[in-house]
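Novice: Here it is: the structure, laid out below.
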Number of protein chains: 2
Amino acid sequence: MSSSRASTWNKLGDAAYSKSEKVSADLVALTYGSFVREIIKDYEEPDQVNKELEKLGYNIGIRLIEDFLAKSGIGNCSSFEESAEIISRVAFKMFLGIRATVSNWNSEYNSCSIVFDENPLAEYVELPPEYTHSLLYSNILCGVIRGALEMVQIIVECQFVKDQLRGDDTNEIKIRFKEMLQEQVPWNDEE
Amino acid sequence: MSSSRASTWNKLGDAAYSKSEKVSADLVALTYGSFVREIIKDYEEPDQVNKELEKLGYNIGIRLIEDFLAKSGIGNCSSFEESAEIISRVAFKMFLGIRATVSNWNSEYNSCSIVFDENPLAEYVELPPEYTHSLLYSNILCGVIRGALEMVQIIVECQFVKDQLRGDDTNEIKIRFKEMLQEQVPWNDEE
């Protein structure tokens, strides 16, 4: 990716962030904490909790993409590679106020990682020991990314592979490209 | 209240808001929406849902007050009247990015309303008809106010009395002062 492109996206991210209505990250961190506790109360099993958080994120992502395209000034993403950069340079900045970086591309360029050191959702959080190695506290973000990309025809799988709440040095979401959907062409029974 | 005091608080609110880490209100509105749906799934009865939202807010408020006092530069509130102004001019701005106004003081000055036209939590929301007149969608805010004030020794009751989601012209939280707690003096068995 050219550095001028990266800098354009960074600027779009900053502009979209400054244009957005914003609320305090502290309030959000505490509210998200209550939210996760509620899901834990309902599902107990960490695997189930992780799935539920991802699903809720997916439902948020499919709605958030419209707002993202409208406010960021970005048209549809033309490739998976470009999408990953736009997520980290524009979307992370616009919605979470932080910039992430893309790394760990595999040789086929169909898998990469989105890496970020600050996680506004996880401020103030300390996981109880029984959840440290099983709960993906911020898994809602994986769902948001999957849902949003699906709405621009890009099917991916996302997985939290590093989490500072578990003592990792950073936060890392692995994204694997699955397929690009074809735009639905209306079927014409005259031809 | 003198207008110079009001203007000082407005400035403190602006400063605390600009100092705070912030995230997009759109993301928060959608996440809060998922959160409320989860509580509805668990408690079904609107009255129970309202109570639970208030309780969750209370737990957030008792933690948020520390952050508020540290970042706003405001010492403890000396009276209920002053507290109400500080909540609407400083805390609403700092945490939600909006300014509220205090009105409807009763003649004893122990009850007033906090009124606000924009509600970032309720963006995009349309209540299903069966909840329009029973669900207090943003009742978490009542809990936050009650919890935060309790930590500065002020006991209040809060109630959402107007909500634009119900078709009201504005949003209004009624606050009733109950009592001012005495600071706990350690008991000394020598005397």
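Residues are named by chain letter and number: chains run A, B, ... in the order of the structure tokens, numbers start at 1 in each chain, and ligands are numbered from 1 in the order shown.
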Select, as a short mmCIF file (atom, residue, chain, number, x, y, z; two decimals) with N, CA and C atoms, in the first residue's frame, those residues of chain B with any atom no more than 9 Å from chain A (distances computed using only C-alpha atoms).
Specialist:
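After the write, selection31.cif holds the following:
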```
data_model
loop_
_atom_site.label_atom_id
_atom_site.label_comp_id
_atom_site.auth_asym_id
_atom_site.auth_seq_id
_atom_site.Cartn_x
_atom_site.Cartn_y
_atom_site.Cartn_z
N TYR B 17 -14.99 17.70 28.91
CA TYR B 17 -15.38 16.95 27.70
C TYR B 17 -14.22 16.89 26.73
N SER B 20 -11.53 14.45 27.85
CA SER B 20 -11.86 13.02 27.96
C SER B 20 -11.54 12.26 26.68
N GLU B 21 -11.16 11.00 26.84
CA GLU B 21 -11.13 10.08 25.70
C GLU B 21 -12.59 9.88 25.29
N LYS B 22 -12.82 9.84 23.97
CA LYS B 22 -14.21 9.74 23.53
C LYS B 22 -14.39 8.68 22.45
N VAL B 23 -15.58 8.14 22.40
CA VAL B 23 -15.90 7.22 21.31
C VAL B 23 -17.18 7.70 20.64
N SER B 24 -17.44 7.15 19.45
CA SER B 24 -18.57 7.63 18.66
C SER B 24 -19.92 7.34 19.32
N ALA B 25 -20.77 8.34 19.34
CA ALA B 25 -22.10 8.18 19.94
C ALA B 25 -22.94 7.16 19.18
N ASP B 26 -22.69 7.02 17.88
CA ASP B 26 -23.45 6.04 17.08
C ASP B 26 -23.19 4.62 17.56
N LEU B 27 -21.89 4.34 17.77
CA LEU B 27 -21.53 3.00 18.25
C LEU B 27 -22.17 2.75 19.62
N VAL B 28 -22.14 3.79 20.45
CA VAL B 28 -22.69 3.65 21.80
C VAL B 28 -24.20 3.43 21.76
N LEU B 30 -25.98 2.07 19.41
CA LEU B 30 -26.30 0.72 18.95
C LEU B 30 -25.94 -0.33 20.01
N THR B 31 -24.83 -0.09 20.71
CA THR B 31 -24.43 -1.05 21.76
C THR B 31 -25.42 -1.00 22.92
N TYR B 32 -25.82 0.21 23.29
CA TYR B 32 -26.81 0.34 24.39
C TYR B 32 -28.13 -0.32 23.99
N SER B 34 -28.49 -2.97 22.06
CA SER B 34 -28.33 -4.42 22.25
C SER B 34 -28.44 -4.78 23.72
N PHE B 35 -27.87 -3.92 24.53
CA PHE B 35 -27.85 -4.11 25.98
C PHE B 35 -29.29 -4.13 26.52
N VAL B 36 -30.08 -3.15 26.11
CA VAL B 36 -31.46 -3.08 26.60
C VAL B 36 -32.25 -4.31 26.12
N GLU B 38 -31.11 -7.21 25.62
CA GLU B 38 -30.67 -8.34 26.45
C GLU B 38 -31.41 -8.32 27.80
N ILE B 39 -31.54 -7.14 28.38
CA ILE B 39 -32.24 -7.03 29.68
C ILE B 39 -33.72 -7.37 29.50
N ASP B 42 -34.23 -11.00 29.47
CA ASP B 42 -34.09 -11.61 30.79
C ASP B 42 -35.26 -11.33 31.71
N LEU B 56 -28.30 -1.18 37.30
CA LEU B 56 -27.03 -1.23 36.57
C LEU B 56 -26.42 0.17 36.51
N GLY B 57 -27.28 1.17 36.30
CA GLY B 57 -26.80 2.55 36.28
C GLY B 57 -26.21 2.96 37.61
N ASN B 59 -24.71 1.10 39.79
CA ASN B 59 -23.36 0.52 39.91
C ASN B 59 -22.34 1.25 39.04
N ILE B 60 -22.79 1.81 37.95
CA ILE B 60 -21.89 2.60 37.10
C ILE B 60 -21.62 3.95 37.78
N ARG B 63 -19.02 4.22 40.50
CA ARG B 63 -17.63 4.17 40.03
C ARG B 63 -17.25 5.42 39.24
N LEU B 64 -18.24 5.98 38.53
CA LEU B 64 -17.96 7.10 37.63
C LEU B 64 -17.67 8.39 38.38
N ASP B 67 -13.95 9.43 38.74
CA ASP B 67 -13.45 9.94 37.47
C ASP B 67 -13.96 11.37 37.25
N LYS B 93 -22.38 17.13 30.05
CA LYS B 93 -21.48 17.51 28.96
C LYS B 93 -20.28 16.57 28.91
N MET B 94 -19.68 16.32 30.07
CA MET B 94 -18.46 15.51 30.11
C MET B 94 -18.69 14.09 29.62
N PHE B 95 -19.79 13.48 30.05
CA PHE B 95 -19.99 12.06 29.73
C PHE B 95 -20.81 11.83 28.46
N LEU B 96 -21.80 12.66 28.22
CA LEU B 96 -22.68 12.42 27.07
C LEU B 96 -22.49 13.43 25.94
N GLY B 97 -21.68 14.44 26.19
CA GLY B 97 -21.44 15.43 25.12
C GLY B 97 -22.60 16.39 24.93
N ILE B 98 -23.57 16.39 25.83
CA ILE B 98 -24.71 17.31 25.70
C ILE B 98 -24.85 18.13 26.99
N PRO B 120 -28.19 10.87 23.43
CA PRO B 120 -27.33 10.02 22.60
C PRO B 120 -27.64 8.52 22.74
#
```
Novice: If chain A is superposed onto chain B by least squares using every Cα atom in order, what is the RMSD, in Å to one decimal?
Specialist: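 The C-alpha RMSD comes to 0.2 Å.
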Novice: Would you pick out the contacts of B:Gln48 at 12 Å or less, using only C-alpha atoms, so that residues sharing its chain but fewer than 6 positions from it are not included, and give the list as a ChimeraX atom specification?
Specialist: /B:39-42,54-55,134-136,139
Novice: Skipping near chain neighbours, those fewer than 4 positions away, what residues fall within 12 Å of A:Glu66 using only C-alpha atoms, listed as a PyMOL selection string?
Specialist: (chain A and resi 60-62+70-76+91+147-152) or (chain B and resi 26)
Novice: Keeping all heavy atoms, export the residues of the selection given above as a tab-separated table (two decimals), in the first residue's frame.
Specialist:
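Output file out-v6.tsv follows:
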```tsv
chain	number	residue	atom	x	y	z
A	60	ILE	N	-24.77	-5.16	15.20
A	60	ILE	CA	-24.39	-3.75	15.25
A	60	ILE	C	-23.66	-3.37	13.94
A	60	ILE	O	-23.94	-2.34	13.32
A	60	ILE	CB	-23.51	-3.47	16.49
A	60	ILE	CG1	-24.36	-3.61	17.76
A	60	ILE	CG2	-22.87	-2.09	16.42
A	60	ILE	CD1	-23.58	-3.55	19.06
A	61	GLY	N	-22.76	-4.25	13.50
A	61	GLY	CA	-21.96	-3.99	12.30
A	61	GLY	C	-22.81	-3.78	11.05
A	61	GLY	O	-22.55	-2.87	10.26
A	62	ILE	N	-23.84	-4.62	10.89
A	62	ILE	CA	-24.66	-4.48	9.68
A	62	ILE	C	-25.44	-3.17	9.67
A	62	ILE	O	-25.86	-2.71	8.62
A	62	ILE	CB	-25.63	-5.69	9.46
A	62	ILE	CG1	-26.61	-5.84	10.61
A	62	ILE	CG2	-24.84	-6.98	9.28
A	62	ILE	CD1	-27.62	-6.97	10.40
A	70	ALA	N	-21.42	6.81	4.94
A	70	ALA	CA	-21.93	8.18	4.79
A	70	ALA	C	-20.96	9.20	5.40
A	70	ALA	O	-20.66	10.22	4.78
A	70	ALA	CB	-23.30	8.30	5.44
A	71	LYS	N	-20.47	8.92	6.60
A	71	LYS	CA	-19.67	9.93	7.30
A	71	LYS	C	-18.20	9.95	6.90
A	71	LYS	O	-17.52	10.95	7.04
A	71	LYS	CB	-19.75	9.73	8.82
A	71	LYS	CG	-21.08	10.20	9.38
A	71	LYS	CD	-20.99	10.55	10.85
A	71	LYS	CE	-22.36	10.89	11.40
A	71	LYS	NZ	-22.68	10.21	12.64
A	72	SER	N	-17.68	8.80	6.46
A	72	SER	CA	-16.25	8.74	6.17
A	72	SER	C	-15.94	9.25	4.77
A	72	SER	O	-14.81	9.62	4.47
A	72	SER	CB	-15.75	7.30	6.28
A	72	SER	OG	-16.31	6.51	5.25
A	73	GLY	N	-16.94	9.24	3.89
A	73	GLY	CA	-16.69	9.64	2.51
A	73	GLY	C	-15.99	8.57	1.70
A	73	GLY	O	-15.50	8.81	0.60
A	74	ILE	N	-15.97	7.35	2.25
A	74	ILE	CA	-15.34	6.24	1.52
A	74	ILE	C	-16.41	5.48	0.75
A	74	ILE	O	-17.48	5.20	1.28
A	74	ILE	CB	-14.62	5.30	2.52
A	74	ILE	CG1	-13.32	5.97	2.96
A	74	ILE	CG2	-14.37	3.92	1.94
A	74	ILE	CD1	-12.51	5.20	3.93
A	75	GLY	N	-16.12	5.18	-0.52
A	75	GLY	CA	-17.04	4.37	-1.30
A	75	GLY	C	-16.86	2.93	-0.89
A	75	GLY	O	-16.18	2.64	0.09
A	76	ASN	N	-17.46	2.00	-1.58
A	76	ASN	CA	-17.26	0.60	-1.25
A	76	ASN	C	-15.77	0.23	-1.35
A	76	ASN	O	-15.03	0.82	-2.13
A	76	ASN	CB	-18.07	-0.27	-2.22
A	76	ASN	CG	-19.44	-0.54	-1.63
A	76	ASN	OD1	-19.81	0.02	-0.61
A	76	ASN	ND2	-20.20	-1.40	-2.29
A	91	ALA	N	-12.11	3.35	10.31
A	91	ALA	CA	-13.23	2.93	11.16
A	91	ALA	C	-12.85	2.89	12.65
A	91	ALA	O	-13.62	3.37	13.50
A	91	ALA	CB	-13.77	1.58	10.71
A	147	GLY	N	-19.92	-8.20	10.46
A	147	GLY	CA	-21.22	-7.70	9.98
A	147	GLY	C	-21.07	-6.57	8.98
A	147	GLY	O	-21.72	-6.54	7.94
A	148	ALA	N	-20.17	-5.63	9.31
A	148	ALA	CA	-20.01	-4.46	8.44
A	148	ALA	C	-19.46	-4.88	7.08
A	148	ALA	O	-19.95	-4.45	6.03
A	148	ALA	CB	-19.07	-3.45	9.10
A	149	LEU	N	-18.45	-5.79	7.08
A	149	LEU	CA	-17.87	-6.21	5.79
A	149	LEU	C	-18.88	-7.01	4.96
A	149	LEU	O	-18.91	-6.89	3.74
A	149	LEU	CB	-16.60	-7.04	6.02
A	149	LEU	CG	-15.36	-6.23	6.44
A	149	LEU	CD1	-14.17	-7.16	6.68
A	149	LEU	CD2	-14.98	-5.20	5.36
A	150	GLU	N	-19.71	-7.79	5.64
A	150	GLU	CA	-20.71	-8.57	4.89
A	150	GLU	C	-21.63	-7.64	4.09
A	150	GLU	O	-22.05	-7.98	2.98
A	150	GLU	CB	-21.52	-9.44	5.85
A	150	GLU	CG	-22.35	-10.49	5.13
A	150	GLU	CD	-23.02	-11.46	6.08
A	150	GLU	OE1	-22.30	-12.10	6.88
A	150	GLU	OE2	-24.26	-11.57	6.04
A	151	MET	N	-21.92	-6.49	4.63
A	151	MET	CA	-22.81	-5.54	3.94
A	151	MET	C	-22.14	-4.91	2.71
A	151	MET	O	-22.81	-4.30	1.89
A	151	MET	CB	-23.26	-4.43	4.89
A	151	MET	CG	-24.08	-4.91	6.06
A	151	MET	SD	-25.55	-5.86	5.59
A	151	MET	CE	-26.68	-4.52	5.16
A	152	VAL	N	-20.80	-5.02	2.61
A	152	VAL	CA	-20.15	-4.58	1.38
A	152	VAL	C	-19.61	-5.81	0.62
A	152	VAL	O	-18.61	-5.74	-0.07
A	152	VAL	CB	-19.04	-3.52	1.62
A	152	VAL	CG1	-19.65	-2.22	2.12
A	152	VAL	CG2	-17.99	-4.02	2.61
B	26	ASP	N	-22.69	7.02	17.88
B	26	ASP	CA	-23.45	6.04	17.08
B	26	ASP	C	-23.19	4.62	17.56
B	26	ASP	O	-24.10	3.81	17.74
B	26	ASP	CB	-23.08	6.14	15.60
B	26	ASP	CG	-23.53	7.46	15.00
B	26	ASP	OD1	-24.57	7.99	15.45
B	26	ASP	OD2	-22.84	7.98	14.10
```
Novice: Env of A:Asn104: 10 Å cut, atoms = only C-alpha atoms, seq-sep filter 2 positions within chain, self excluded. Answer as a VMD selection string.
Specialist: chain A and resid 102 106 to 107 109 111 to 115 174
Novice: Just write the chosen residues, C-alpha atoms, as a CSV table (one decimal), in the first residue's frame.
Specialist:
```
chain,number,residue,atom,x,y,z
A,102,VAL,CA,-2.7,-4.0,9.9
A,106,ASN,CA,0.1,-14.2,4.9
A,107,SER,CA,1.7,-14.9,1.5
A,109,TYR,CA,-2.9,-12.0,1.1
A,111,SER,CA,-5.4,-13.2,6.1
A,112,CYS,CA,-4.1,-10.4,8.3
A,113,SER,CA,-4.3,-9.0,11.8
A,114,ILE,CA,-5.6,-5.7,13.1
A,115,VAL,CA,-3.5,-4.7,16.0
A,174,LYS,CA,-7.1,-12.0,13.0
```
Novice: Using DSSP secondary structure from the backbone, list all alpha helix (DSSP H) positions within chain A, as a PyMOL selection string.
Specialist: chain A and resi 3-19+25-43+46-72+80-86+92-96+129-132+140-150
